[in-house]
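Comments concern the structure below.
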Amino acid sequence: MRSASTALVLTALLAIASFGAASCASVSFDRTTQTSGSFRSSAAAVTILGWDLPKRAVDIARDNASDAGLVNMNVEATTVFPYLGWFDWVLDIFSVRFAYVNGTWGYDGQSR
């Protein structure tokens, strides 16, 4: 009986870890001029006992946007959902978190 429950727990952890390893991410770019525009990147990650698999969702979203290699990228807003403030430790037990990163890229011809 004990080995069956252990096998069940290990199977569940393996399934969750494989979801975390696959993680969901996307990025979209909108061009406003020949050399500039905006971007929106999103990602999801699984958190189990304080470990983010494969890594924090916000890091995946930032890396995904950065991998595009566009010049002068500026992150303007970052959102993580769910976020419980001080009670966020509850989500560290087990949760799926989503992150969104919005910003601009390129040169729009205006001096800053």
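Numbering starts fresh at 1 for the residues of each chain in the structure tokens, the chains themselves are lettered A, B, ... in the order given, and ligands are numbered from 1 as they appear.
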*Excluding same-chain residues fewer than 2 positions from Phe94 of chain A, what lies within 10 Å of it counting only C-alpha atoms, as a PyMOL selection string?*
chain A and resi 46-52+89-92+96-97
_Shell of 6 Å around Gly37 of chain A, only C-alpha atoms, local chain residues under 2 positions omitted, as a PyMOL selection string_ = chain A and resi 30-32+104-105
Selected residues written out, C-alpha atoms, as a short mmCIF file (atom, residue, chain, number, x, y, z; two decimals), in the first residue's frame:
data_model
loop_
_atom_site.label_atom_id
_atom_site.label_comp_id
_atom_site.auth_asym_id
_atom_site.auth_seq_id
_atom_site.Cartn_x
_atom_site.Cartn_y
_atom_site.Cartn_z
CA ASP A 30 3.73 46.04 -32.86
CA ARG A 31 5.66 48.36 -35.16
CA THR A 32 4.71 52.06 -34.97
CA THR A 104 8.77 49.75 -26.16
CA TRP A 105 11.69 49.12 -28.48
#
_Exercise: Asn72 of chain A partners within 10 Å, only C-alpha atoms, chain neighbours under 3 positions left out, as an NGL selection string_ = :A and (36 or 69 or 75 or 104-107)
Print the selection's residues with C-alpha atoms to a file, as a CSV table (one decimal), in the first residue's frame.
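Ended up saving to part36.csv:
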chain,number,residue,atom,x,y,z
A,36,SER,CA,10.3,51.5,-33.2
A,69,GLY,CA,17.3,41.1,-30.1
A,75,VAL,CA,10.2,47.6,-20.0
A,104,THR,CA,8.8,49.7,-26.2
A,105,TRP,CA,11.7,49.1,-28.5
A,106,GLY,CA,13.7,51.0,-31.1
A,107,TYR,CA,14.3,54.6,-31.9
Using only C-alpha atoms, determine which residues lie at most 8 Å from segment 79-83 of chain A, disregarding the query and same-chain residues fewer than 2 positions distant; provide the list as an mmCIF file with C-alpha atoms, in the first residue's frame.
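Ended up saving to part31.cif:
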data_model
loop_
_atom_site.group_PDB
_atom_site.id
_atom_site.type_symbol
_atom_site.label_atom_id
_atom_site.label_comp_id
_atom_site.auth_asym_id
_atom_site.auth_seq_id
_atom_site.Cartn_x
_atom_site.Cartn_y
_atom_site.Cartn_z
ATOM 1 C CA ALA A 57 7.328 33.488 -14.822
ATOM 2 C CA VAL A 58 8.449 37.128 -14.967
ATOM 3 C CA ALA A 77 5.034 47.596 -16.970
ATOM 4 C CA GLY A 85 0.913 40.852 -1.389
ATOM 5 C CA ASP A 88 1.959 35.587 -1.387
ATOM 6 C CA ARG A 97 1.686 32.042 -11.975
ATOM 7 C CA PHE A 98 1.336 34.177 -15.069
ATOM 8 C CA ALA A 99 3.483 37.196 -15.912
ATOM 9 C CA TYR A 100 3.043 39.954 -18.483
ATOM 10 C CA VAL A 101 5.763 42.391 -19.543
#
_Just to confirm, what's the straight-line distance from atom CA of Val27 of chain A to atom CA of Asn64 of chain A in Å (one decimal)?_
6.8 Å
*Quick one: of A:Trp86, A:Asp67, A:Ser42, A:Pro54, who's nearest to Asn102 of chain A, counting only C-alpha atoms?*
A:Ser42
Can you pull out every residue from segment 18-107 of chain A that DSSP, working from the backbone, puts in helix (DSSP H, G or I), and format the result as a PDB file with N, CA and C atoms, in the first residue's frame?
ATOM      1  N   SER A  18       6.935  18.195 -15.597  1.00  0.00           N
ATOM      2  CA  SER A  18       7.003  18.228 -17.059  1.00  0.00           C
ATOM      3  C   SER A  18       6.208  19.400 -17.609  1.00  0.00           C
ATOM      4  N   PHE A  19       5.099  19.752 -16.946  1.00  0.00           N
ATOM      5  CA  PHE A  19       4.369  20.954 -17.351  1.00  0.00           C
ATOM      6  C   PHE A  19       5.234  22.178 -17.137  1.00  0.00           C
ATOM      7  N   GLY A  20       5.914  22.241 -15.997  1.00  0.00           N
ATOM      8  CA  GLY A  20       6.775  23.379 -15.688  1.00  0.00           C
ATOM      9  C   GLY A  20       7.951  23.475 -16.645  1.00  0.00           C
ATOM     10  N   ALA A  21       8.497  22.344 -17.039  1.00  0.00           N
ATOM     11  CA  ALA A  21       9.627  22.353 -17.954  1.00  0.00           C
ATOM     12  C   ALA A  21       9.195  22.823 -19.344  1.00  0.00           C
ATOM     13  N   ALA A  22       7.954  22.532 -19.699  1.00  0.00           N
ATOM     14  CA  ALA A  22       7.465  22.941 -21.008  1.00  0.00           C
ATOM     15  C   ALA A  22       7.066  24.412 -21.001  1.00  0.00           C
ATOM     16  N   ALA A  57       8.080  33.124 -13.626  1.00  0.00           N
ATOM     17  CA  ALA A  57       7.328  33.488 -14.822  1.00  0.00           C
ATOM     18  C   ALA A  57       7.770  34.841 -15.372  1.00  0.00           C
ATOM     19  N   VAL A  58       8.036  35.804 -14.497  1.00  0.00           N
ATOM     20  CA  VAL A  58       8.449  37.128 -14.967  1.00  0.00           C
ATOM     21  C   VAL A  58       9.822  37.060 -15.641  1.00  0.00           C
ATOM     22  N   ASP A  59      10.698  36.175 -15.166  1.00  0.00           N
ATOM     23  CA  ASP A  59      12.006  36.014 -15.805  1.00  0.00           C
ATOM     24  C   ASP A  59      11.867  35.389 -17.194  1.00  0.00           C
ATOM     25  N   ILE A  60      10.943  34.431 -17.321  1.00  0.00           N
ATOM     26  CA  ILE A  60      10.703  33.813 -18.628  1.00  0.00           C
ATOM     27  C   ILE A  60      10.180  34.859 -19.603  1.00  0.00           C
ATOM     28  N   ALA A  61       9.242  35.687 -19.159  1.00  0.00           N
ATOM     29  CA  ALA A  61       8.664  36.717 -20.034  1.00  0.00           C
ATOM     30  C   ALA A  61       9.725  37.727 -20.463  1.00  0.00           C
ATOM     31  N   ARG A  62      10.574  38.164 -19.540  1.00  0.00           N
ATOM     32  CA  ARG A  62      11.638  39.115 -19.885  1.00  0.00           C
ATOM     33  C   ARG A  62      12.650  38.492 -20.846  1.00  0.00           C
ATOM     34  N   ASP A  63      13.054  37.254 -20.559  1.00  0.00           N
ATOM     35  CA  ASP A  63      14.011  36.576 -21.434  1.00  0.00           C
ATOM     36  C   ASP A  63      13.441  36.383 -22.833  1.00  0.00           C
ATOM     37  N   ASN A  64      12.167  36.054 -22.904  1.00  0.00           N
ATOM     38  CA  ASN A  64      11.517  35.827 -24.193  1.00  0.00           C
ATOM     39  C   ASN A  64      11.544  37.108 -25.036  1.00  0.00           C
ATOM     40  N   ALA A  65      11.243  38.235 -24.423  1.00  0.00           N
ATOM     41  CA  ALA A  65      11.291  39.514 -25.153  1.00  0.00           C
ATOM     42  C   ALA A  65      12.727  39.866 -25.531  1.00  0.00           C
ATOM     43  N   SER A  66      13.650  39.623 -24.631  1.00  0.00           N
ATOM     44  CA  SER A  66      15.047  39.961 -24.884  1.00  0.00           C
ATOM     45  C   SER A  66      15.651  39.120 -26.005  1.00  0.00           C
ATOM     46  N   GLY A  85       0.204  39.958  -2.303  1.00  0.00           N
ATOM     47  CA  GLY A  85       0.913  40.852  -1.389  1.00  0.00           C
ATOM     48  C   GLY A  85       1.613  40.076  -0.287  1.00  0.00           C
ATOM     49  N   TRP A  86       1.354  40.449   0.959  1.00  0.00           N
ATOM     50  CA  TRP A  86       2.002  39.803   2.093  1.00  0.00           C
ATOM     51  C   TRP A  86       1.650  38.318   2.158  1.00  0.00           C
ATOM     52  N   PHE A  87       0.476  37.946   1.702  1.00  0.00           N
ATOM     53  CA  PHE A  87       0.030  36.553   1.751  1.00  0.00           C
ATOM     54  C   PHE A  87       0.508  35.740   0.552  1.00  0.00           C
ATOM     55  N   ASP A  88       1.442  36.277  -0.211  1.00  0.00           N
ATOM     56  CA  ASP A  88       1.959  35.587  -1.387  1.00  0.00           C
ATOM     57  C   ASP A  88       2.652  34.271  -1.032  1.00  0.00           C
ATOM     58  N   TRP A  89       3.063  34.102   0.215  1.00  0.00           N
ATOM     59  CA  TRP A  89       3.705  32.858   0.645  1.00  0.00           C
ATOM     60  C   TRP A  89       2.763  31.672   0.480  1.00  0.00           C
ATOM     61  N   VAL A  90       1.464  31.909   0.508  1.00  0.00           N
ATOM     62  CA  VAL A  90       0.499  30.828   0.311  1.00  0.00           C
ATOM     63  C   VAL A  90       0.666  30.237  -1.090  1.00  0.00           C
ATOM     64  N   LEU A  91       0.933  31.086  -2.062  1.00  0.00           N
ATOM     65  CA  LEU A  91       1.118  30.629  -3.433  1.00  0.00           C
ATOM     66  C   LEU A  91       2.428  29.880  -3.625  1.00  0.00           C
ATOM     67  N   ASP A  92       3.372  30.029  -2.698  1.00  0.00           N
ATOM     68  CA  ASP A  92       4.640  29.308  -2.797  1.00  0.00           C
ATOM     69  C   ASP A  92       4.481  27.829  -2.493  1.00  0.00           C
TER      70      ASP A  92
END
